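Peer 1: Sharing protein-v8.cif (mmCIF, C-alpha atoms, pLDDT in the B column; chains and numbers go by the auth columns) below.
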```
data_start
loop_
_atom_site.group_PDB
_atom_site.id
_atom_site.type_symbol
_atom_site.label_atom_id
_atom_site.label_comp_id
_atom_site.label_asym_id
_atom_site.label_seq_id
_atom_site.Cartn_x
_atom_site.Cartn_y
_atom_site.Cartn_z
_atom_site.B_iso_or_equiv
_atom_site.auth_seq_id
_atom_site.auth_asym_id
ATOM 1 C CA ASP A 1 5.847 -33.078 38.111 61.00 883 A
ATOM 2 C CA GLY A 2 7.297 -35.973 40.071 68.00 884 A
ATOM 3 C CA GLY A 3 10.110 -37.916 38.496 93.00 885 A
ATOM 4 C CA ILE A 4 13.743 -38.882 38.257 96.00 886 A
ATOM 5 C CA THR A 5 16.315 -36.687 36.591 96.00 887 A
ATOM 6 C CA GLN A 6 19.808 -37.624 35.495 97.00 888 A
ATOM 7 C CA SER A 7 22.547 -35.327 34.338 96.00 889 A
ATOM 8 C CA PRO A 8 24.334 -34.899 32.134 96.00 890 A
ATOM 9 C CA LYS A 9 22.649 -36.691 29.237 96.00 891 A
ATOM 10 C CA TYR A 10 25.996 -37.217 27.511 96.00 892 A
ATOM 11 C CA LEU A 11 29.395 -37.307 29.212 95.00 893 A
ATOM 12 C CA PHE A 12 32.868 -37.701 27.791 93.00 894 A
ATOM 13 C CA ARG A 13 35.735 -38.815 29.959 89.00 895 A
ATOM 14 C CA LYS A 14 39.430 -38.899 29.341 89.00 896 A
ATOM 15 C CA GLU A 15 41.345 -41.914 30.520 86.00 897 A
ATOM 16 C CA GLY A 16 42.443 -41.554 34.143 86.00 898 A
ATOM 17 C CA GLN A 17 39.662 -39.129 35.068 91.00 899 A
ATOM 18 C CA ASN A 18 36.969 -39.620 37.666 94.00 900 A
ATOM 19 C CA VAL A 19 33.504 -38.440 36.665 95.00 901 A
ATOM 20 C CA THR A 20 30.295 -38.139 38.652 97.00 902 A
ATOM 21 C CA LEU A 21 26.829 -38.849 37.310 97.00 903 A
ATOM 22 C CA SER A 22 23.925 -37.126 38.999 98.00 904 A
ATOM 23 C CA CYS A 23 20.602 -38.739 39.908 98.00 905 A
ATOM 24 C CA GLU A 24 17.808 -36.851 41.673 98.00 906 A
ATOM 25 C CA GLN A 25 14.251 -37.948 42.458 97.00 907 A
ATOM 26 C CA ASN A 26 11.293 -36.093 43.950 95.00 908 A
ATOM 27 C CA LEU A 27 9.081 -39.146 44.315 93.00 909 A
ATOM 28 C CA ASN A 28 9.833 -39.577 48.018 93.00 910 A
ATOM 29 C CA HIS A 29 11.176 -43.066 47.333 93.00 911 A
ATOM 30 C CA ASP A 30 13.496 -44.666 49.869 93.00 912 A
ATOM 31 C CA ALA A 31 15.310 -47.079 47.557 95.00 913 A
ATOM 32 C CA MET A 32 17.502 -45.997 44.673 97.00 914 A
ATOM 33 C CA TYR A 33 19.576 -47.949 42.146 97.00 915 A
ATOM 34 C CA TRP A 34 22.311 -47.582 39.553 98.00 916 A
ATOM 35 C CA TYR A 35 22.494 -49.870 36.504 98.00 917 A
ATOM 36 C CA ARG A 36 24.861 -50.158 33.619 97.00 918 A
ATOM 37 C CA GLN A 37 23.687 -51.150 30.147 96.00 919 A
ATOM 38 C CA ASP A 38 26.064 -52.072 27.348 94.00 920 A
ATOM 39 C CA PRO A 39 24.898 -52.018 23.705 89.00 921 A
ATOM 40 C CA GLY A 40 22.411 -54.779 22.965 86.00 922 A
ATOM 41 C CA GLN A 41 22.589 -56.052 26.530 88.00 923 A
ATOM 42 C CA GLY A 42 20.426 -56.158 29.620 91.00 924 A
ATOM 43 C CA LEU A 43 20.841 -54.174 32.823 95.00 925 A
ATOM 44 C CA ARG A 44 23.520 -54.956 35.381 95.00 926 A
ATOM 45 C CA LEU A 45 23.290 -53.642 38.941 95.00 927 A
ATOM 46 C CA ILE A 46 26.151 -51.448 40.144 97.00 928 A
ATOM 47 C CA TYR A 47 24.949 -50.202 43.543 97.00 929 A
ATOM 48 C CA TYR A 48 21.704 -49.802 45.389 96.00 930 A
ATOM 49 C CA SER A 49 20.595 -47.909 48.451 96.00 931 A
ATOM 50 C CA GLN A 50 17.665 -48.865 50.632 93.00 932 A
ATOM 51 C CA ILE A 51 17.759 -45.744 52.763 93.00 933 A
ATOM 52 C CA VAL A 52 19.756 -42.587 53.408 95.00 934 A
ATOM 53 C CA ASN A 53 23.385 -43.159 54.514 95.00 935 A
ATOM 54 C CA ASP A 54 23.264 -46.810 53.495 95.00 936 A
ATOM 55 C CA PHE A 55 24.154 -48.551 50.238 96.00 937 A
ATOM 56 C CA GLN A 56 25.168 -51.990 49.005 96.00 938 A
ATOM 57 C CA LYS A 57 27.305 -53.255 46.166 96.00 939 A
ATOM 58 C CA GLY A 58 25.592 -54.837 43.233 95.00 940 A
ATOM 59 C CA ASP A 59 27.041 -57.304 40.774 92.00 941 A
ATOM 60 C CA ILE A 60 29.564 -54.978 39.095 95.00 942 A
ATOM 61 C CA ALA A 61 30.597 -52.426 41.752 97.00 943 A
ATOM 62 C CA GLU A 62 34.338 -52.482 41.064 96.00 944 A
ATOM 63 C CA GLY A 63 35.568 -49.114 39.788 96.00 945 A
ATOM 64 C CA TYR A 64 32.446 -47.279 40.954 97.00 946 A
ATOM 65 C CA SER A 65 31.482 -45.437 44.130 98.00 947 A
ATOM 66 C CA VAL A 66 28.275 -43.870 45.427 98.00 948 A
ATOM 67 C CA SER A 67 26.965 -41.777 48.280 98.00 949 A
ATOM 68 C CA ARG A 68 23.501 -41.293 49.730 98.00 950 A
ATOM 69 C CA GLU A 69 23.541 -38.229 51.940 97.00 951 A
ATOM 70 C CA LYS A 70 20.023 -37.114 51.001 97.00 952 A
ATOM 71 C CA LYS A 71 16.908 -39.082 50.229 96.00 953 A
ATOM 72 C CA GLU A 72 16.517 -37.312 46.901 97.00 954 A
ATOM 73 C CA SER A 73 20.042 -37.797 45.596 98.00 955 A
ATOM 74 C CA PHE A 74 22.191 -40.814 44.688 98.00 956 A
ATOM 75 C CA PRO A 75 25.258 -39.744 42.690 98.00 957 A
ATOM 76 C CA LEU A 76 27.524 -42.291 41.018 98.00 958 A
ATOM 77 C CA THR A 77 31.259 -41.719 40.547 97.00 959 A
ATOM 78 C CA VAL A 78 33.014 -43.644 37.818 96.00 960 A
ATOM 79 C CA THR A 79 36.633 -43.833 38.916 94.00 961 A
ATOM 80 C CA SER A 80 39.779 -44.321 36.873 89.00 962 A
ATOM 81 C CA ALA A 81 39.842 -47.879 38.211 88.00 963 A
ATOM 82 C CA GLN A 82 36.904 -48.737 35.953 89.00 964 A
ATOM 83 C CA LYS A 83 38.734 -49.861 32.851 86.00 965 A
ATOM 84 C CA ASN A 84 35.851 -50.001 30.425 90.00 966 A
ATOM 85 C CA PRO A 85 33.306 -47.388 31.506 93.00 967 A
ATOM 86 C CA THR A 86 31.772 -46.602 28.122 95.00 968 A
ATOM 87 C CA ALA A 87 28.100 -47.506 28.583 96.00 969 A
ATOM 88 C CA PHE A 88 24.581 -46.211 29.206 97.00 970 A
ATOM 89 C CA TYR A 89 23.954 -45.588 32.911 98.00 971 A
ATOM 90 C CA LEU A 90 20.458 -45.734 34.330 98.00 972 A
ATOM 91 C CA CYS A 91 19.303 -44.589 37.736 98.00 973 A
ATOM 92 C CA ALA A 92 16.072 -45.867 39.250 97.00 974 A
ATOM 93 C CA SER A 93 14.040 -45.401 42.382 96.00 975 A
ATOM 94 C CA ARG A 94 11.451 -47.709 43.851 93.00 976 A
ATOM 95 C CA THR A 95 8.047 -47.267 45.395 82.00 977 A
ATOM 96 C CA SER A 96 7.823 -48.334 49.017 77.00 978 A
ATOM 97 C CA GLY A 97 5.285 -51.074 49.588 73.00 979 A
ATOM 98 C CA GLY A 98 2.518 -51.959 47.177 74.00 980 A
ATOM 99 C CA THR A 99 3.887 -52.966 43.801 81.00 981 A
ATOM 100 C CA ASP A 100 7.533 -52.020 44.557 84.00 982 A
ATOM 101 C CA THR A 101 7.877 -50.867 40.959 89.00 983 A
ATOM 102 C CA GLN A 102 11.149 -49.328 39.837 93.00 984 A
ATOM 103 C CA TYR A 103 10.965 -46.090 37.893 94.00 985 A
ATOM 104 C CA PHE A 104 13.882 -45.114 35.719 96.00 986 A
ATOM 105 C CA GLY A 105 15.552 -41.844 34.881 97.00 987 A
ATOM 106 C CA PRO A 106 16.358 -40.874 31.282 96.00 988 A
ATOM 107 C CA GLY A 107 19.946 -42.148 31.507 97.00 989 A
ATOM 108 C CA THR A 108 23.473 -40.836 30.984 97.00 990 A
ATOM 109 C CA ARG A 109 25.579 -42.022 28.087 96.00 991 A
ATOM 110 C CA LEU A 110 29.246 -42.079 29.085 96.00 992 A
ATOM 111 C CA THR A 111 31.998 -42.307 26.499 94.00 993 A
ATOM 112 C CA VAL A 112 35.700 -42.640 27.197 90.00 994 A
ATOM 113 C CA LEU A 113 37.879 -40.744 24.758 85.00 995 A
ATOM 114 C CA GLU B 1 23.485 -68.741 39.714 73.00 881 B
ATOM 115 C CA LEU B 2 20.384 -66.609 39.293 82.00 882 B
ATOM 116 C CA LYS B 3 19.246 -66.488 35.695 90.00 883 B
ATOM 117 C CA VAL B 4 16.441 -64.755 33.904 95.00 884 B
ATOM 118 C CA GLU B 5 16.205 -65.862 30.308 96.00 885 B
ATOM 119 C CA GLN B 6 13.994 -64.462 27.609 97.00 886 B
ATOM 120 C CA ASN B 7 13.013 -66.225 24.444 97.00 887 B
ATOM 121 C CA PRO B 8 13.368 -65.223 21.693 97.00 888 B
ATOM 122 C CA LEU B 9 16.183 -62.671 21.846 96.00 889 B
ATOM 123 C CA PHE B 10 15.161 -61.178 18.511 96.00 890 B
ATOM 124 C CA LEU B 11 11.736 -61.193 16.934 94.00 891 B
ATOM 125 C CA SER B 12 10.745 -59.816 13.583 95.00 892 B
ATOM 126 C CA MET B 13 7.042 -60.029 12.844 93.00 893 B
ATOM 127 C CA GLN B 14 4.489 -58.716 10.409 95.00 894 B
ATOM 128 C CA GLU B 15 1.884 -56.201 11.422 96.00 895 B
ATOM 129 C CA GLY B 16 -1.369 -57.844 12.398 96.00 896 B
ATOM 130 C CA LYS B 17 0.231 -61.066 13.619 96.00 897 B
ATOM 131 C CA ASN B 18 0.223 -62.510 17.120 97.00 898 B
ATOM 132 C CA TYR B 19 3.252 -63.676 19.048 96.00 899 B
ATOM 133 C CA THR B 20 4.428 -64.524 22.568 97.00 900 B
ATOM 134 C CA ILE B 21 7.634 -63.628 24.394 98.00 901 B
ATOM 135 C CA TYR B 22 8.710 -65.961 27.191 98.00 902 B
ATOM 136 C CA CYS B 23 10.538 -65.141 30.412 97.00 903 B
ATOM 137 C CA ASN B 24 11.983 -68.031 32.427 97.00 904 B
ATOM 138 C CA TYR B 25 13.680 -67.532 35.763 96.00 905 B
ATOM 139 C CA SER B 26 15.719 -69.862 37.927 94.00 906 B
ATOM 140 C CA THR B 27 14.881 -68.580 41.409 87.00 907 B
ATOM 141 C CA THR B 28 11.755 -68.090 43.424 86.00 908 B
ATOM 142 C CA SER B 29 10.097 -64.736 43.008 85.00 909 B
ATOM 143 C CA ASP B 30 6.577 -63.758 43.894 80.00 910 B
ATOM 144 C CA ARG B 31 6.722 -60.706 41.637 89.00 911 B
ATOM 145 C CA LEU B 32 7.597 -60.121 38.025 95.00 912 B
ATOM 146 C CA TYR B 33 7.891 -56.898 36.054 96.00 913 B
ATOM 147 C CA TRP B 34 7.790 -56.152 32.346 98.00 914 B
ATOM 148 C CA TYR B 35 9.484 -53.078 30.883 97.00 915 B
ATOM 149 C CA ARG B 36 9.751 -51.557 27.450 98.00 916 B
ATOM 150 C CA GLN B 37 12.824 -49.744 26.118 97.00 917 B
ATOM 151 C CA ASP B 38 12.904 -47.715 22.905 96.00 918 B
ATOM 152 C CA PRO B 39 16.296 -47.312 21.190 92.00 919 B
ATOM 153 C CA GLY B 40 18.536 -44.919 23.089 91.00 920 B
ATOM 154 C CA LYS B 41 15.874 -44.343 25.734 94.00 921 B
ATOM 155 C CA SER B 42 15.209 -45.381 29.299 94.00 922 B
ATOM 156 C CA LEU B 43 12.954 -48.167 30.558 96.00 923 B
ATOM 157 C CA GLU B 44 9.214 -47.707 30.871 96.00 924 B
ATOM 158 C CA SER B 45 7.172 -49.860 33.238 95.00 925 B
ATOM 159 C CA LEU B 46 4.502 -51.944 31.473 97.00 926 B
ATOM 160 C CA PHE B 47 3.170 -54.516 33.909 96.00 927 B
ATOM 161 C CA VAL B 48 3.581 -55.666 37.485 95.00 928 B
ATOM 162 C CA LEU B 49 2.506 -59.260 38.198 95.00 929 B
ATOM 163 C CA LEU B 50 2.222 -59.893 41.906 90.00 930 B
ATOM 164 C CA SER B 51 0.856 -63.405 42.281 87.00 931 B
ATOM 165 C CA ASN B 52 0.599 -66.790 40.656 88.00 932 B
ATOM 166 C CA GLY B 53 -1.952 -66.740 37.871 90.00 933 B
ATOM 167 C CA ALA B 54 -1.907 -62.947 37.580 92.00 934 B
ATOM 168 C CA VAL B 55 -2.878 -61.593 34.182 95.00 935 B
ATOM 169 C CA LYS B 56 -2.620 -57.974 33.094 96.00 936 B
ATOM 170 C CA GLN B 57 -3.626 -56.431 29.782 97.00 937 B
ATOM 171 C CA GLU B 58 -2.969 -53.058 28.211 96.00 938 B
ATOM 172 C CA GLY B 59 -3.948 -52.493 24.620 96.00 939 B
ATOM 173 C CA ARG B 60 -2.369 -55.163 22.413 97.00 940 B
ATOM 174 C CA LEU B 61 -0.140 -56.525 25.200 98.00 941 B
ATOM 175 C CA MET B 62 -1.091 -59.118 27.777 98.00 942 B
ATOM 176 C CA ALA B 63 1.209 -60.484 30.476 98.00 943 B
ATOM 177 C CA SER B 64 0.759 -63.527 32.681 97.00 944 B
ATOM 178 C CA LEU B 65 2.671 -65.193 35.505 96.00 945 B
ATOM 179 C CA ASP B 66 3.040 -68.828 36.557 95.00 946 B
ATOM 180 C CA THR B 67 5.218 -68.843 39.685 92.00 947 B
ATOM 181 C CA LYS B 68 5.212 -72.635 39.937 92.00 948 B
ATOM 182 C CA ALA B 69 6.689 -72.992 36.456 94.00 949 B
ATOM 183 C CA ARG B 70 8.813 -69.852 36.999 95.00 950 B
ATOM 184 C CA LEU B 71 7.500 -68.534 33.708 96.00 951 B
ATOM 185 C CA SER B 72 5.953 -65.323 32.495 97.00 952 B
ATOM 186 C CA THR B 73 4.612 -64.604 29.036 98.00 953 B
ATOM 187 C CA LEU B 74 4.062 -61.354 27.171 98.00 954 B
ATOM 188 C CA HIS B 75 1.530 -61.896 24.412 98.00 955 B
ATOM 189 C CA ILE B 76 1.252 -59.488 21.500 97.00 956 B
ATOM 190 C CA THR B 77 -2.053 -59.367 19.657 97.00 957 B
ATOM 191 C CA ALA B 78 -2.336 -57.936 16.121 96.00 958 B
ATOM 192 C CA ALA B 79 1.061 -56.246 16.267 96.00 959 B
ATOM 193 C CA VAL B 80 1.515 -52.687 15.056 96.00 960 B
ATOM 194 C CA HIS B 81 4.730 -50.838 14.189 96.00 961 B
ATOM 195 C CA ASP B 82 4.560 -48.740 17.386 96.00 962 B
ATOM 196 C CA LEU B 83 5.220 -51.863 19.436 97.00 963 B
ATOM 197 C CA SER B 84 8.750 -52.127 18.019 97.00 964 B
ATOM 198 C CA ALA B 85 11.073 -51.913 21.034 97.00 965 B
ATOM 199 C CA THR B 86 13.107 -54.073 23.401 97.00 966 B
ATOM 200 C CA TYR B 87 11.127 -55.762 26.152 98.00 967 B
ATOM 201 C CA PHE B 88 12.662 -56.804 29.470 97.00 968 B
ATOM 202 C CA CYS B 89 11.296 -58.887 32.298 97.00 969 B
ATOM 203 C CA ALA B 90 12.668 -58.645 35.847 96.00 970 B
ATOM 204 C CA VAL B 91 12.254 -60.685 39.020 95.00 971 B
ATOM 205 C CA VAL B 92 12.998 -59.896 42.659 91.00 972 B
ATOM 206 C CA PRO B 93 14.367 -62.963 44.476 87.00 973 B
ATOM 207 C CA GLY B 94 14.909 -61.087 47.724 83.00 974 B
ATOM 208 C CA THR B 95 13.702 -57.702 48.820 82.00 975 B
ATOM 209 C CA TYR B 96 15.687 -55.084 46.965 87.00 976 B
ATOM 210 C CA LYS B 97 17.701 -56.676 44.162 89.00 977 B
ATOM 211 C CA TYR B 98 16.056 -56.869 40.763 92.00 978 B
ATOM 212 C CA ILE B 99 17.380 -59.348 38.217 93.00 979 B
ATOM 213 C CA PHE B 100 16.685 -58.379 34.616 94.00 980 B
ATOM 214 C CA GLY B 101 16.268 -60.696 31.690 94.00 981 B
ATOM 215 C CA THR B 102 18.357 -60.645 28.566 91.00 982 B
ATOM 216 C CA GLY B 103 15.776 -58.618 26.670 96.00 983 B
ATOM 217 C CA THR B 104 13.759 -59.369 23.531 97.00 984 B
ATOM 218 C CA ARG B 105 14.222 -57.014 20.619 97.00 985 B
ATOM 219 C CA LEU B 106 10.961 -56.790 18.712 97.00 986 B
ATOM 220 C CA LYS B 107 10.657 -55.377 15.224 97.00 987 B
ATOM 221 C CA VAL B 108 7.219 -55.096 13.668 97.00 988 B
ATOM 222 C CA LEU B 109 7.281 -54.846 9.908 94.00 989 B
ATOM 223 C CA ALA B 110 4.639 -52.982 7.945 86.00 990 B
#
```
Kindly transcribe the structure held in the file into structure tokens.
Peer 2:
Amino acid sequence: DGGITQSPKYLFRKEGQNVTLSCEQNLNHDAMYWYRQDPGQGLRLIYYSQIVNDFQKGDIAEGYSVSREKKESFPLTVTSAQKNPTAFYLCASRTSGGTDTQYFGPGTRLTVL
Amino acid sequence: ELKVEQNPLFLSMQEGKNYTIYCNYSTTSDRLYWYRQDPGKSLESLFVLLSNGAVKQEGRLMASLDTKARLSTLHITAAVHDLSATYFCAVVPGTYKYIFGTGTRLKVLA
């Protein structure tokens, strides 16, 4: 089955720790995205990548970092510089051409202890 | 500033009733997307509207797009409890960045 997987589903972080959220897709999509969603809110763009070895900052990139070494993978690191990281993190990939629809992974819920 | 506003933010309606959710956006976009999100879950794609005047229907939901007015509507016909969810619209002002609306939380009461 083609799709997007995110792991872990739940993640707990102590203050001062860096943590990495995994996002993998087997849809052969070029573009991938990371969003943050706070309770009762919409989605805010953290980073996006149009192609391997290239990525751009979104609207709230401070305190986050990404890499795109493989087409299938787009991991997000939440660094200790992110002061309020507790949120629901969603990864998405996008079809190339046609409808350009984004498809979302199941999400990772990060909680700072 | 790019804005995508949805109206209403919260909607509580009786089963069997009709209602419309509005999505207004402040920038040009030739595409508009509607998504559904169940509590604690991810987003599910509902509709893609690719041109002015586009209309898509799936079951009790119908979406339309007016690019000149920068307005999309999501119409609910004869609501049922299973439609309870949060609905988001999104536009793409450039090539790769998607701007999501504020979301409309719909609760259908039996």
Peer 1: If the PyMOL selection byres ((chain A) within 8 of (chain B)) is run on the structure shown, which residues does it catch, given as an mmCIF file with C-alpha atoms, in the frame of the given file?
Peer 2:
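Dumped to part_38.cif:
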```cif
data_model
loop_
_atom_site.group_PDB
_atom_site.id
_atom_site.type_symbol
_atom_site.label_atom_id
_atom_site.label_comp_id
_atom_site.auth_asym_id
_atom_site.auth_seq_id
_atom_site.Cartn_x
_atom_site.Cartn_y
_atom_site.Cartn_z
ATOM 1 C CA GLN A 923 22.589 -56.052 26.530
ATOM 2 C CA GLY A 924 20.426 -56.158 29.620
ATOM 3 C CA LEU A 925 20.841 -54.174 32.823
ATOM 4 C CA ARG A 926 23.520 -54.956 35.381
ATOM 5 C CA GLN A 932 17.665 -48.865 50.632
ATOM 6 C CA LEU A 972 20.458 -45.734 34.330
ATOM 7 C CA THR A 981 3.887 -52.966 43.801
ATOM 8 C CA THR A 983 7.877 -50.867 40.959
ATOM 9 C CA GLN A 984 11.149 -49.328 39.837
ATOM 10 C CA TYR A 985 10.965 -46.090 37.893
ATOM 11 C CA PHE A 986 13.882 -45.114 35.719
ATOM 12 C CA GLY A 987 15.552 -41.844 34.881
ATOM 13 C CA PRO A 988 16.358 -40.874 31.282
ATOM 14 C CA GLY A 989 19.946 -42.148 31.507
#
```
Peer 1: Could you list, as a ChimeraX atom specification, every residue within 10 Å of Thr977 in chain A, counting all atoms listed in the file and ignoring same-chain residues fewer than 2 positions away?
Peer 2: /A:909-914,975,979-985
Peer 1: List as a PDB file with C-alpha atoms, in the coordinates of the input the protein and nucleic acid residues near Lys897 in chain B, meaning an atom at most 10 Å away when all atoms listed in the file are counted, but skip any in the same chain fewer than 4 places from it.
Peer 2:
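Ended up saving to part_39.pdb:
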```pdb
ATOM      1  CA  MET B 893       7.042 -60.029  12.844  1.00 93.00           C
ATOM      2  CA  ILE B 956       1.252 -59.488  21.500  1.00 97.00           C
ATOM      3  CA  THR B 957      -2.053 -59.367  19.657  1.00 97.00           C
ATOM      4  CA  ALA B 958      -2.336 -57.936  16.121  1.00 96.00           C
ATOM      5  CA  ALA B 959       1.061 -56.246  16.267  1.00 96.00           C
ATOM      6  CA  VAL B 960       1.515 -52.687  15.056  1.00 96.00           C
ATOM      7  CA  VAL B 988       7.219 -55.096  13.668  1.00 97.00           C
TER       8      VAL B 988
END
```
Peer 1: Just want the 12 Å neighbourhood of range 901-905 of chain A, counted on all atoms listed in the file, with same-chain residues fewer than 5 positions away dropped. Output as a VMD selection string.
Peer 2: chain A and resid 885 to 896 914 to 917 945 to 950 952 to 964 967 to 968 970 to 975 986 to 994
Peer 1: Kindly give the distance, in Å, that separates CA of Phe937 in chain A and CA of Glu951 in chain A, rounded to a single decimal.
Peer 2: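 Going from CA of Phe937 in chain A over to CA of Glu951 in chain A, I get 10.5 Å.
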Peer 1: Between B:Ser952, B:Ser944, B:Ser964, B:Gln917, which has the minimum distance to Gln919 in chain A (counting all atoms listed in the file)?
Peer 2: B:Gln917
Peer 1: So which one's closest to Cys903 in chain B, B:His961, B:Lys987, B:Arg950, B:Lys936? Using all atoms listed in the file, please.
Peer 2: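 Using all atoms listed in the file, Cys903 in chain B sits closest to B:Arg950.
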Peer 1: Neighbours of Asn932 in chain B within 6 Å (only C-alpha atoms; same-chain residues fewer than 6 positions away dropped), as number ranges by chain?
Peer 2: B: 945-947
Peer 1: Any idea what the distance is between CA of Ser909 in chain B and CA of Leu926 in chain B?
Peer 2: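 Computing it gives 18.1 Å between the two atoms.
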Peer 1: Could you spell out the hits of the PyMOL selection byres ((chain A and resi 939) around 8) on the shown file, as a PyMOL selection string?
Peer 2: chain A and resi 928-930+937-938+940-943
Peer 1: Counting all atoms listed in the file, which of B:Ala990, B:Leu941, B:Leu882, B:Val935 gets nearest to Gly974 in chain B?
Peer 2: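 When distances to Gly974 in chain B are compared using all atoms listed in the file, the smallest one comes from B:Leu882.
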Peer 1: Hey, can you check how far CA of Asn904 in chain B sits from CA of Pro973 in chain B?
Peer 2: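 Going from CA of Asn904 in chain B over to CA of Pro973 in chain B covers 13.3 Å.
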Peer 1: Would you mind telling me which residue in B:Leu891, B:Ile901, B:Val884, B:Leu963 lies nearest to Ala943 in chain B when using all atoms listed in the file?
Peer 2: B:Ile901
Peer 1: Using the file's own x, y and z axes, so that the box edges lie along x, y and z, what centre and edge lengths in Å (one decimal) does a box around every listed atom of range 903-910 of chain B get when 8 Å is added on each side? Give it as AutoDock Vina command-line options.
Peer 2:
```
--center_x 11.1 --center_y -66.8 --center_z 37.2 --size_x 25.1 --size_y 22.1 --size_z 29.5
```
